[in-house]
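J.: For reference, the file run-v7.cif (mmCIF, C-alpha atoms and all ligand atoms) is included below:
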```cif
data_final
#
loop_
_atom_site.label_atom_id
_atom_site.label_comp_id
_atom_site.auth_asym_id
_atom_site.auth_seq_id
_atom_site.Cartn_x
_atom_site.Cartn_y
_atom_site.Cartn_z
CA MET A 30 0.00 0.00 0.00
CA THR A 31 1.34 3.45 -0.88
CA ALA A 32 1.73 5.65 2.18
CA ALA A 33 0.06 9.06 2.31
CA LEU A 34 2.43 11.96 1.73
CA THR A 35 1.86 13.10 5.28
CA THR A 36 2.62 9.64 6.73
CA LEU A 37 5.88 9.98 8.61
CA SER A 38 8.20 7.14 9.54
CA ASP A 39 8.56 6.53 13.31
CA ASP A 40 11.92 8.23 13.19
CA GLU A 41 10.57 11.29 11.32
CA ARG A 42 7.60 11.61 13.68
CA LEU A 43 9.75 11.36 16.82
CA PHE A 44 12.16 13.91 15.40
CA ARG A 45 9.39 16.36 14.40
CA ASP A 46 7.65 15.98 17.78
CA SER A 47 10.84 16.50 19.75
CA VAL A 48 11.67 19.64 17.75
CA PHE A 49 8.14 21.00 18.28
CA ASP A 50 8.31 20.17 21.98
CA PHE A 51 11.58 22.08 22.21
CA ALA A 52 10.12 25.05 20.32
CA ASP A 53 7.02 25.07 22.50
CA HIS A 54 8.99 25.08 25.77
CA GLU A 55 12.27 26.80 24.95
CA ILE A 56 11.37 29.27 22.18
CA ARG A 57 7.74 30.23 22.79
CA PRO A 58 8.36 32.10 26.08
CA HIS A 59 10.89 34.36 24.30
CA VAL A 60 9.11 35.02 20.99
CA ARG A 61 7.71 38.44 21.84
CA GLN A 62 10.88 39.72 23.47
CA MET A 63 13.01 38.51 20.54
CA ASP A 64 10.64 40.20 18.09
CA GLU A 65 10.66 43.48 20.01
CA SER A 66 14.42 43.56 20.48
CA ALA A 67 15.09 42.17 16.98
CA HIS A 68 17.63 39.87 18.56
CA MET A 69 18.10 36.12 18.97
CA PRO A 70 20.08 35.25 22.13
CA ARG A 71 23.19 33.12 21.61
CA GLU A 72 22.02 30.81 24.44
CA LEU A 73 18.99 29.85 22.33
CA ILE A 74 21.18 29.21 19.29
CA ASP A 75 23.48 27.03 21.43
CA LYS A 76 20.43 25.00 22.46
CA LEU A 77 19.53 24.53 18.78
CA PHE A 78 22.98 23.03 18.22
CA THR A 79 22.51 20.73 21.23
CA LEU A 80 19.07 19.71 19.98
CA GLY A 81 20.67 18.53 16.73
CA VAL A 82 18.84 20.80 14.28
CA MET A 83 21.93 22.69 13.11
CA GLY A 84 23.62 19.83 11.29
CA ILE A 85 20.67 17.73 10.22
CA GLU A 86 22.17 16.34 7.01
CA VAL A 87 25.79 16.42 8.17
CA PRO A 88 27.05 12.83 8.50
CA GLU A 89 27.45 11.53 12.04
CA SER A 90 31.16 11.02 11.35
CA ALA A 91 31.44 14.82 10.95
CA GLY A 92 29.48 15.53 14.13
CA GLY A 93 26.05 15.92 12.51
CA ALA A 94 22.73 14.15 12.93
CA GLY A 95 23.06 12.04 9.77
CA GLY A 96 19.48 12.90 8.81
CA THR A 97 17.78 13.66 5.53
CA PHE A 98 16.54 16.70 3.64
CA PHE A 99 13.04 15.72 4.73
CA HIS A 100 14.14 15.89 8.38
CA ALA A 101 15.33 19.45 7.72
CA VAL A 102 11.93 20.33 6.24
CA LEU A 103 10.18 18.87 9.30
CA ALA A 104 12.43 20.81 11.68
CA VAL A 105 11.82 24.12 9.87
CA GLU A 106 8.06 23.50 9.92
CA ALA A 107 8.00 22.51 13.61
CA VAL A 108 10.02 25.53 14.75
CA SER A 109 8.17 27.98 12.50
CA ARG A 110 4.89 26.90 14.08
CA VAL A 111 6.21 28.73 17.14
CA ASP A 112 8.57 31.32 15.62
CA PRO A 113 9.28 31.65 11.87
CA ALA A 114 12.26 33.90 12.70
CA VAL A 115 14.03 30.98 14.37
CA GLY A 116 12.70 28.78 11.57
CA VAL A 117 14.58 30.73 8.92
CA LEU A 118 17.85 30.61 10.87
CA ILE A 119 17.64 26.81 10.85
CA ASP A 120 16.44 26.79 7.26
CA VAL A 121 19.25 28.87 5.73
CA HIS A 122 21.89 27.05 7.79
CA ASN A 123 20.68 23.59 6.74
CA THR A 124 18.93 23.79 3.37
CA LEU A 125 21.24 26.38 1.79
CA VAL A 126 24.64 26.40 3.48
CA ILE A 127 25.13 22.80 4.60
CA ASN A 128 23.24 21.54 1.57
CA ALA A 129 25.56 23.44 -0.82
CA LEU A 130 28.65 22.15 0.98
CA LEU A 131 27.42 18.55 0.95
CA ARG A 132 26.72 18.84 -2.74
CA TRP A 133 29.65 20.89 -4.07
CA ALA A 134 32.51 21.05 -1.58
CA SER A 135 35.87 19.33 -2.03
CA GLU A 136 36.80 16.76 0.60
CA ALA A 137 39.12 19.31 2.23
CA LEU A 138 36.34 21.92 2.45
CA ARG A 139 33.92 19.35 3.84
CA GLN A 140 36.39 18.39 6.53
CA ALA A 141 37.15 22.01 7.34
CA TYR A 142 33.59 23.31 7.61
CA LEU A 143 30.95 20.59 8.12
CA PRO A 144 32.02 19.71 11.70
CA ARG A 145 32.05 23.40 12.63
CA LEU A 146 28.63 23.99 11.08
CA ALA A 147 27.21 21.00 12.96
CA GLU A 148 28.75 21.93 16.30
CA ARG A 149 28.85 25.71 16.78
CA SER A 150 29.22 27.96 13.71
CA ILE A 151 26.21 29.46 11.94
CA GLY A 152 26.13 29.63 8.15
CA ALA A 153 24.87 32.35 5.79
CA TYR A 154 24.26 32.40 2.05
CA ALA A 155 25.19 35.61 0.23
CA LEU A 156 23.89 36.03 -3.29
CA SER A 157 21.69 39.19 -3.36
CA GLU A 158 23.00 42.71 -3.83
CA ALA A 159 21.45 46.19 -3.93
CA GLY A 160 21.22 46.04 -7.71
CA SER A 161 20.59 42.33 -8.21
CA GLY A 162 17.74 40.52 -6.50
CA SER A 163 15.47 38.65 -8.89
CA ASP A 164 18.14 39.20 -11.55
CA ALA A 165 20.67 37.49 -9.28
CA PHE A 166 23.25 36.82 -11.98
CA ALA A 167 23.70 40.55 -12.54
CA LEU A 168 25.71 40.58 -9.31
CA ALA A 169 28.48 43.17 -9.18
CA THR A 170 30.80 41.63 -6.55
CA ARG A 171 34.09 40.84 -8.26
CA ALA A 172 36.65 38.12 -7.60
CA VAL A 173 40.21 38.57 -8.81
CA GLU A 174 42.86 35.88 -8.89
CA ARG A 175 45.79 36.98 -6.78
CA GLY A 176 48.78 34.96 -5.57
CA ASP A 177 47.60 31.74 -4.03
CA GLY A 178 43.96 32.70 -3.95
CA PHE A 179 41.39 35.34 -4.76
CA THR A 180 40.31 38.74 -3.54
CA LEU A 181 36.64 39.68 -3.38
CA THR A 182 35.36 43.25 -3.67
CA GLY A 183 31.73 44.33 -3.46
CA ARG A 184 28.69 44.45 -1.20
CA LYS A 185 25.96 41.93 -0.48
CA LEU A 186 22.55 42.95 0.85
CA TRP A 187 19.77 41.21 2.77
CA ILE A 188 21.90 38.39 4.14
CA THR A 189 20.01 36.22 6.65
CA ASN A 190 22.06 35.21 9.72
CA GLY A 191 24.62 37.90 8.78
CA ASN A 192 24.88 39.06 12.38
CA GLU A 193 25.48 35.62 13.90
CA ALA A 194 27.19 33.68 11.11
CA ASP A 195 30.84 32.66 11.02
CA ILE A 196 30.79 30.87 7.68
CA PHE A 197 29.44 32.54 4.54
CA ILE A 198 28.89 31.18 1.05
CA VAL A 199 29.56 34.20 -1.16
CA PHE A 200 28.95 34.54 -4.90
CA ALA A 201 31.25 36.79 -6.94
CA ASN A 202 32.06 37.14 -10.62
CA LEU A 203 35.58 36.05 -11.57
CA ASN A 204 35.18 36.81 -15.25
CA PRO A 205 32.53 39.48 -15.93
CA GLU A 206 33.11 39.22 -19.68
CA ALA A 207 31.76 35.68 -19.54
CA GLY A 208 28.54 36.97 -17.94
CA TYR A 209 26.91 34.50 -15.56
CA ARG A 210 29.52 31.91 -16.55
CA GLY A 211 32.04 33.92 -14.49
CA ILE A 212 30.07 33.55 -11.25
CA THR A 213 32.00 31.59 -8.65
CA ALA A 214 31.02 30.45 -5.15
CA PHE A 215 33.47 30.96 -2.26
CA VAL A 216 33.46 29.92 1.38
CA VAL A 217 34.38 32.99 3.43
CA GLU A 218 35.00 33.08 7.16
CA ARG A 219 34.03 36.03 9.30
CA GLY A 220 37.67 36.63 10.21
CA PHE A 221 39.08 36.79 6.67
CA PRO A 222 40.96 40.07 6.07
CA GLY A 223 38.89 42.61 4.12
CA PHE A 224 35.48 41.24 5.19
CA THR A 225 33.10 43.11 7.46
CA VAL A 226 29.44 42.69 8.34
CA GLY A 227 27.60 45.99 7.81
CA ARG A 228 24.23 47.41 8.72
CA LYS A 229 21.45 45.22 10.10
CA GLU A 230 17.99 45.87 8.60
CA ASP A 231 15.01 46.96 10.73
CA LYS A 232 12.21 44.75 9.39
CA LEU A 233 8.42 44.30 9.26
CA GLY A 234 8.55 40.63 10.27
CA ILE A 235 10.87 37.77 11.27
CA ARG A 236 12.56 40.52 13.25
CA ALA A 237 14.65 38.23 15.45
CA SER A 238 16.33 36.86 12.33
CA SER A 239 19.19 39.16 11.36
CA THR A 240 19.34 40.51 7.80
CA CYS A 241 22.63 42.28 7.08
CA GLU A 242 24.79 43.95 4.51
CA LEU A 243 28.18 42.32 3.90
CA ILE A 244 31.17 44.37 2.76
CA PHE A 245 34.16 42.94 0.91
CA GLU A 246 37.19 45.16 0.34
CA ASN A 247 39.92 43.10 -1.29
CA CYS A 248 38.84 40.27 0.98
CA GLU A 249 41.43 37.51 0.80
CA VAL A 250 40.08 34.02 0.16
CA PRO A 251 42.38 30.98 -0.23
CA ARG A 252 42.16 29.07 -3.51
CA SER A 253 40.99 25.97 -1.64
CA ASN A 254 37.85 27.86 -0.55
CA VAL A 255 36.28 27.86 -4.00
CA LEU A 256 33.02 25.90 -3.68
CA GLY A 257 32.55 23.78 -6.78
CA GLU A 258 34.44 24.93 -9.86
CA PRO A 259 35.40 28.49 -10.80
CA GLY A 260 32.74 29.83 -13.22
CA LYS A 261 30.18 27.27 -12.02
CA GLY A 262 28.84 29.32 -9.13
CA TYR A 263 25.66 30.03 -11.06
CA LYS A 264 24.88 26.30 -10.89
CA VAL A 265 25.59 26.21 -7.17
CA ALA A 266 23.31 29.24 -6.69
CA ILE A 267 20.37 28.01 -8.78
CA GLU A 268 20.42 24.41 -7.69
CA THR A 269 20.79 25.20 -4.00
CA LEU A 270 17.97 27.75 -4.10
CA ASN A 271 15.72 25.30 -5.95
CA GLU A 272 16.04 23.03 -2.92
CA GLY A 273 16.07 25.80 -0.33
CA ARG A 274 12.69 27.12 -1.38
CA ILE A 275 11.09 23.87 -0.23
CA GLY A 276 12.40 24.88 3.21
CA ILE A 277 10.68 28.26 2.87
CA GLY A 278 7.50 26.37 1.95
CA ALA A 279 7.94 24.45 5.23
CA GLN A 280 8.48 27.69 7.14
CA MET A 281 5.20 29.03 5.74
CA VAL A 282 3.29 25.81 6.50
CA GLY A 283 4.60 25.95 10.07
CA LEU A 284 3.56 29.60 10.35
CA ALA A 285 0.06 28.86 9.04
CA GLN A 286 -0.29 25.93 11.45
CA GLY A 287 0.79 28.16 14.33
CA ALA A 288 -1.77 30.81 13.37
CA LEU A 289 -4.52 28.19 13.04
CA ASP A 290 -3.60 26.69 16.45
CA HIS A 291 -3.98 30.12 18.06
CA ALA A 292 -7.24 30.86 16.24
CA ILE A 293 -8.86 27.55 17.23
CA ARG A 294 -7.86 27.97 20.87
CA TYR A 295 -9.16 31.53 20.93
CA ILE A 296 -12.55 30.98 19.27
CA LYS A 297 -13.32 28.23 21.78
CA GLU A 298 -12.68 30.61 24.67
CA ARG A 299 -14.05 33.91 23.42
CA LYS A 300 -17.76 34.47 24.00
CA GLN A 301 -20.04 36.89 22.17
CA PHE A 302 -23.85 36.87 21.99
CA GLY A 303 -23.77 34.36 24.87
CA LYS A 304 -21.88 31.72 22.88
CA SER A 305 -18.30 30.85 22.10
CA LEU A 306 -17.17 32.13 18.68
CA ALA A 307 -16.56 28.48 17.72
CA GLU A 308 -20.30 27.87 17.89
CA PHE A 309 -21.04 30.24 15.00
CA GLN A 310 -21.22 28.46 11.69
CA GLY A 311 -19.75 31.49 9.91
CA VAL A 312 -16.61 31.14 12.03
CA GLN A 313 -16.53 27.34 11.71
CA PHE A 314 -16.53 27.64 7.92
CA GLN A 315 -13.65 30.11 7.96
CA ILE A 316 -11.61 27.74 10.11
CA ALA A 317 -12.50 24.79 7.87
CA ARG A 318 -11.36 26.72 4.79
CA ALA A 319 -8.07 27.65 6.50
CA ALA A 320 -7.47 24.00 7.44
CA THR A 321 -8.16 22.98 3.83
CA ASP A 322 -5.66 25.53 2.54
CA LEU A 323 -3.10 24.37 5.07
CA GLU A 324 -3.52 20.69 4.20
CA ALA A 325 -3.02 21.48 0.51
CA ALA A 326 0.08 23.57 1.24
CA ARG A 327 1.59 20.86 3.44
CA LEU A 328 0.98 18.20 0.78
CA LEU A 329 2.72 20.39 -1.82
CA VAL A 330 5.71 20.96 0.46
CA TYR A 331 6.05 17.30 1.47
CA ASN A 332 5.65 16.18 -2.13
CA ALA A 333 8.40 18.53 -3.35
CA ALA A 334 10.64 17.40 -0.48
CA ARG A 335 10.00 13.70 -1.12
CA LEU A 336 10.66 14.18 -4.86
CA ARG A 337 13.95 15.91 -4.11
CA GLU A 338 14.81 13.24 -1.56
CA SER A 339 14.25 10.42 -4.04
CA GLY A 340 16.26 12.05 -6.82
CA GLN A 341 13.28 12.85 -9.06
CA PRO A 342 12.66 16.18 -10.84
CA PHE A 343 11.25 18.65 -8.31
CA VAL A 344 12.00 22.21 -9.50
CA THR A 345 8.46 23.07 -10.65
CA GLU A 346 6.95 21.40 -7.58
CA ALA A 347 9.31 23.40 -5.34
CA ALA A 348 8.20 26.66 -7.00
CA ILE A 349 4.53 25.66 -6.66
CA CYS A 350 4.92 24.74 -2.99
CA LYS A 351 6.64 28.01 -2.10
CA LEU A 352 4.20 30.13 -4.07
CA PHE A 353 1.12 28.48 -2.59
CA SER A 354 2.26 28.00 0.99
CA SER A 355 3.37 31.63 1.31
CA GLU A 356 -0.08 32.77 0.13
CA VAL A 357 -1.75 30.33 2.53
CA ALA A 358 0.40 31.60 5.41
CA GLU A 359 -0.69 35.17 4.73
CA ARG A 360 -4.37 34.16 4.43
CA VAL A 361 -4.43 32.02 7.57
CA ALA A 362 -2.51 34.57 9.65
CA SER A 363 -4.89 37.26 8.42
CA LEU A 364 -7.90 35.15 9.42
CA ALA A 365 -6.36 34.59 12.86
CA VAL A 366 -6.02 38.36 13.31
CA ASN A 367 -9.67 38.82 12.24
CA LEU A 368 -10.93 36.13 14.61
CA TYR A 369 -9.06 37.68 17.54
CA GLY A 370 -10.89 40.94 16.76
CA GLY A 371 -9.25 43.96 18.40
CA TYR A 372 -6.97 41.61 20.34
CA GLY A 373 -5.57 40.43 17.02
CA PHE A 374 -4.30 43.91 16.28
CA VAL A 375 -2.19 44.34 19.41
CA LYS A 376 1.15 42.92 20.44
CA ASP A 377 -0.11 41.26 23.63
CA TYR A 378 -1.36 38.38 21.48
CA PRO A 379 0.78 36.30 19.11
CA VAL A 380 -1.15 36.52 15.86
CA GLU A 381 -0.21 40.05 14.75
CA LYS A 382 3.44 38.91 14.67
CA LEU A 383 2.62 35.87 12.55
CA TYR A 384 0.72 38.15 10.14
CA ARG A 385 3.83 40.36 9.82
CA ASP A 386 6.11 37.32 9.51
CA ALA A 387 4.03 35.80 6.70
CA LYS A 388 4.87 38.52 4.18
CA ILE A 389 8.49 37.48 3.71
CA GLY A 390 7.49 34.11 2.24
CA GLN A 391 6.44 35.90 -0.95
CA ILE A 392 9.75 37.75 -1.24
CA TYR A 393 12.87 35.79 -0.36
CA GLU A 394 14.42 32.83 -2.18
CA GLY A 395 12.64 34.09 -5.30
CA THR A 396 9.57 36.36 -5.23
CA SER A 397 6.13 34.98 -6.09
CA ASN A 398 6.44 36.40 -9.61
CA LEU A 399 9.68 34.49 -10.09
CA GLN A 400 8.00 31.27 -8.89
CA LEU A 401 5.20 31.91 -11.40
CA GLN A 402 7.86 32.39 -14.06
CA THR A 403 9.40 28.98 -13.23
CA ILE A 404 6.01 27.27 -13.29
CA ALA A 405 4.98 28.95 -16.58
CA LYS A 406 8.31 28.04 -18.18
CA HIS A 407 7.72 24.40 -17.33
CA LEU A 408 4.23 24.53 -18.85
CA LEU A 409 5.05 26.53 -21.94
CA GLY A 410 8.63 25.45 -22.61
C1 LIG B 1 14.35 39.40 5.20
C2 LIG B 1 15.12 39.05 3.97
C3 LIG B 1 16.07 38.04 4.02
C4 LIG B 1 16.82 37.72 2.87
N1 LIG B 1 17.81 36.77 2.97
C5 LIG B 1 18.65 36.59 1.91
C6 LIG B 1 19.80 35.74 2.04
O1 LIG B 1 20.06 35.14 3.09
N2 LIG B 1 20.64 35.64 0.97
C7 LIG B 1 20.42 36.31 -0.19
O2 LIG B 1 21.23 36.17 -1.11
N3 LIG B 1 19.32 37.11 -0.35
C8 LIG B 1 18.44 37.27 0.68
N4 LIG B 1 17.35 38.10 0.54
C9 LIG B 1 17.11 38.79 -0.71
C10 LIG B 1 15.89 38.29 -1.45
O3 LIG B 1 16.13 37.02 -1.99
C11 LIG B 1 15.52 39.35 -2.50
O4 LIG B 1 14.99 40.46 -1.81
C12 LIG B 1 14.53 38.81 -3.52
O5 LIG B 1 15.13 37.86 -4.33
C13 LIG B 1 13.94 39.93 -4.39
O6 LIG B 1 14.95 40.75 -4.90
P1 LIG B 1 14.80 42.33 -4.80
O7 LIG B 1 14.55 42.66 -3.36
O8 LIG B 1 15.98 42.96 -5.44
O9 LIG B 1 13.49 42.70 -5.60
P2 LIG B 1 13.38 42.90 -7.20
O10 LIG B 1 14.09 41.81 -7.90
O11 LIG B 1 13.74 44.30 -7.51
O12 LIG B 1 11.82 42.70 -7.41
C14 LIG B 1 10.87 43.75 -7.12
C15 LIG B 1 9.52 43.31 -7.66
O13 LIG B 1 9.60 43.15 -9.08
C16 LIG B 1 9.16 41.85 -9.45
N5 LIG B 1 9.95 41.36 -10.58
C17 LIG B 1 11.30 41.38 -10.73
N6 LIG B 1 11.64 40.80 -11.90
C18 LIG B 1 10.49 40.38 -12.49
C19 LIG B 1 10.17 39.70 -13.71
N7 LIG B 1 11.12 39.31 -14.55
N8 LIG B 1 8.87 39.45 -13.98
C20 LIG B 1 7.89 39.83 -13.13
N9 LIG B 1 8.13 40.46 -11.96
C21 LIG B 1 9.40 40.74 -11.64
C22 LIG B 1 9.38 40.99 -8.20
O14 LIG B 1 8.53 39.86 -8.21
C23 LIG B 1 9.05 41.97 -7.10
O15 LIG B 1 7.67 42.00 -6.89
C24 LIG B 1 16.57 38.40 1.66
C25 LIG B 1 15.58 39.41 1.61
C26 LIG B 1 14.88 39.74 2.74
C27 LIG B 1 13.87 40.87 2.66
#
```
Step by step, read the file and then write its structure as structure tokens.
T.:
Amino acid sequence: MTAALTTLSDDERLFRDSVFDFADHEIRPHVRQMDESAHMPRELIDKLFTLGVMGIEVPESAGGAGGTFFHAVLAVEAVSRVDPAVGVLIDVHNTLVINALLRWASEALRQAYLPRLAERSIGAYALSEAGSGSDAFALATRAVERGDGFTLTGRKLWITNGNEADIFIVFANLNPEAGYRGITAFVVERGFPGFTVGRKEDKLGIRASSTCELIFENCEVPRSNVLGEPGKGYKVAIETLNEGRIGIGAQMVGLAQGALDHAIRYIKERKQFGKSLAEFQGVQFQIARAATDLEAARLLVYNAARLRESGQPFVTEAAICKLFSSEVAERVASLAVNLYGGYGFVKDYPVEKLYRDAKIGQIYEGTSNLQLQTIAKHLLG
């Protein structure tokens, strides 16, 4: 018998439940304070390492959990149900940074960085610039061959985990005349000469997740820190982001689930016209529609993740899952705000934050229009 997409193995279910349990007890009490201060305490990040969600796919021999991509998706969903800002820290670290290293790094780079990423060092993924977002391959950061390595010069913008990360995957063009075929991926450490982390953005949502500018002024990078081959960075960028956006789908599914959890709890408690809100059919139908949306979004995310996991084509499905789940997250969070009434509009209750957090799902790792472009290209050739 074929299992349902949402059927988890015992191991997956135990993992997901333990991550949610952690998030419920260790993250939930701090969500509001982290949002207000736009800061994620290092003690919490240390606990994420101890929990085993910061090296999910890193082999056990390198200090990781030896899990799968699907485990990473489950962890991002479970944490985002409580706080999507913590969810994206885990997501970028696992589904972009570690994923790219597992896929493209030389043996020496794997040995140098995977144990650190699994044990204590946070990763960041630096592609976007002020002038190149959707048109990512128009990046202006330059790499120049010098001595026994390269120097990087330019600025990156919007880099998640920029404030906390020690290890950065940075894309720069080594041969601008070759266009995108000059783009090369480098592994850069925070301490490399010529590299500084710049301004941190003040954001609408996922405020506890840092988003920073990175500045490279003749930053010296050893030759051995090229990730993949010189001139093949565009492949690293595209293929990693194709996978990463399934993680953003999971973040949005988690967010929507969190908003629905709050809404259901609230409508059972809140009384108007002598009845709980949950007794009104108009409210019941709204909740039923939200649950339907959420189920569809989760199926799309799990399907894309399972396709990727089993080595089948998944790029269109990944675009569909991110597009749809980010819209569902916004709709469900909006409904939760509505059902809380005036209480939904103030910071004493958790749903206004989830509504703010939802917006980013339609922007990063490819805007909704870019997902539509991918889907249309598949349909129309
Ligand atoms: C909180 C946050 C975290 C981020 N984290 C990272 C990170 O860790 N690493 C990283 O590299 N980047 C990161 N980004 C950058 C993010 O990926 C970009 O913001 C995103 O790709 C959009 O690029 P842009 O902001 O330049 O918008 P633009 O590309 O200028 O797009 C503006 C609008 O135009 C539309 N548009 C653009 N081109 C087309 C087209 N061809 N057809 C139709 N519509 C189009 C877009 O859909 C959008 O609505 C982050 C951004 C934010 C806000």
J.: Do you know which residues are at most 12 Å from Ser339 (chain A) counting all atoms listed in the file, after dropping those on the same chain fewer than 5 positions away, and could you put them as a ChimeraX atom specification?
T.: /A:97-99,332-334
J.: Pick out the residues no farther than 7 Å from ligand LIG 1 (chain B), counting only C-alpha atoms and all ligand atoms, and list them as a list in words.
T.: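 Sorted by chain and then by number, the residues are Val121, Ala153, Tyr154, Ala155, Leu156, Ser157, Ala159, Gly160, Ser161, Gly162, Ser163, Asp164, Leu186, Trp187, Ile188, Thr189, Asn190, Thr240, Ile389, Ile392, Tyr393, Glu394, Gly395, Thr396, Ser397, Asn398 and Leu399 of chain A.
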J.: Just checking: using all atoms listed in the file, which residue out of A:Ala266, A:Leu364, A:Ile404, A:Val330 ends up closest to Phe314 (chain A)?
T.: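 That would be A:Leu364, the residue with the smallest distance to Phe314 (chain A).
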J.: Just give me the gap between CA of Gln315 (chain A) and CA of Glu359 (chain A) in Å, one decimal is fine.
T.: 14.3 Å
J.: I need the residue nearest Ser38 (chain A) from this list: A:Val250, A:Ala214, A:Ala67, A:Leu103. Use all atoms listed in the file for the distance.
T.: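 Of A:Val250, A:Ala214, A:Ala67, A:Leu103, the one nearest Ser38 (chain A), counting all atoms listed in the file, is A:Leu103.
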J.: CA of Ala141 (chain A) and CA of Glu72 (chain A), how far apart in Å?
T.: 24.5 Å
J.: Of the residues A:Arg149, A:Arg132, A:Lys388, A:Arg57, which is the one nearest to Gly234 (chain A), using all atoms listed in the file?
T.: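 Among A:Arg149, A:Arg132, A:Lys388, A:Arg57, it is A:Lys388 that comes nearest to Gly234 (chain A).
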J.: Using 5 Å of padding on each side, determine the axis-aligned box around all atoms of region 212-224 of chain A present in the file and give its centre and edge lengths in Å to one decimal, as AutoDock Vina command-line options.
T.:
```
--center_x 35.5 --center_y 36.3 --center_z -0.5 --size_x 20.9 --size_y 22.7 --size_z 31.5
```
J.: Would you mind telling me which residue in A:Val361, A:Leu368, A:Gly287, A:Thr35 lies nearest to Phe309 (chain A) when using all atoms listed in the file?
T.: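 With all atoms listed in the file as the atom set, the closest residue is A:Leu368.
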J.: Separation of CA of Ala101 (chain A) and CA of Tyr331 (chain A), in Å?
T.: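 Distance reported for this atom pair: 11.4 Å.
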J.: I need the residue nearest Lys376 (chain A) from this list: A:Glu41, A:Glu55, A:Asp177, A:Asp64. Use all atoms listed in the file for the distance.
T.: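 Nearest to Lys376 (chain A): A:Asp64.
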J.: Nearest to Ala319 (chain A): which of A:Leu306, A:Pro222, A:Ala358, A:Gln341 is it, counting all atoms listed in the file?
T.: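 Of the candidates, the smallest distance to Ala319 (chain A) is held by A:Ala358.
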J.: Skipping near chain neighbours, those fewer than 2 positions away, what residues fall within 9 Å of Ala194 (chain A) using only C-alpha atoms, listed as an MDAnalysis selection string?
T.: chainID A and resid 150:153 189:192 196:197 218:219
J.: Extract, using only C-alpha atoms, all DNA, RNA and protein residues at most 9 Å from Tyr295 (chain A), discarding same-chain residues fewer than 2 positions from it, and format them as a VMD selection string.
T.: chain A and resid 290 to 293 297 to 299 306 to 307 368 to 369
J.: Excluding Leu130 (chain A) and any residue of its chain fewer than 3 positions from it, enumerate the residues within 9 Å of it, using all atoms listed in the file, and give them as a list of chain:residue names.
T.: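 Counting only the stated atoms, we get A:Leu125, A:Val126, A:Ile127, A:Trp133, A:Ala134, A:Ser135, A:Leu138, A:Arg139, A:Tyr142, A:Leu143, A:Leu256, A:Gly257.
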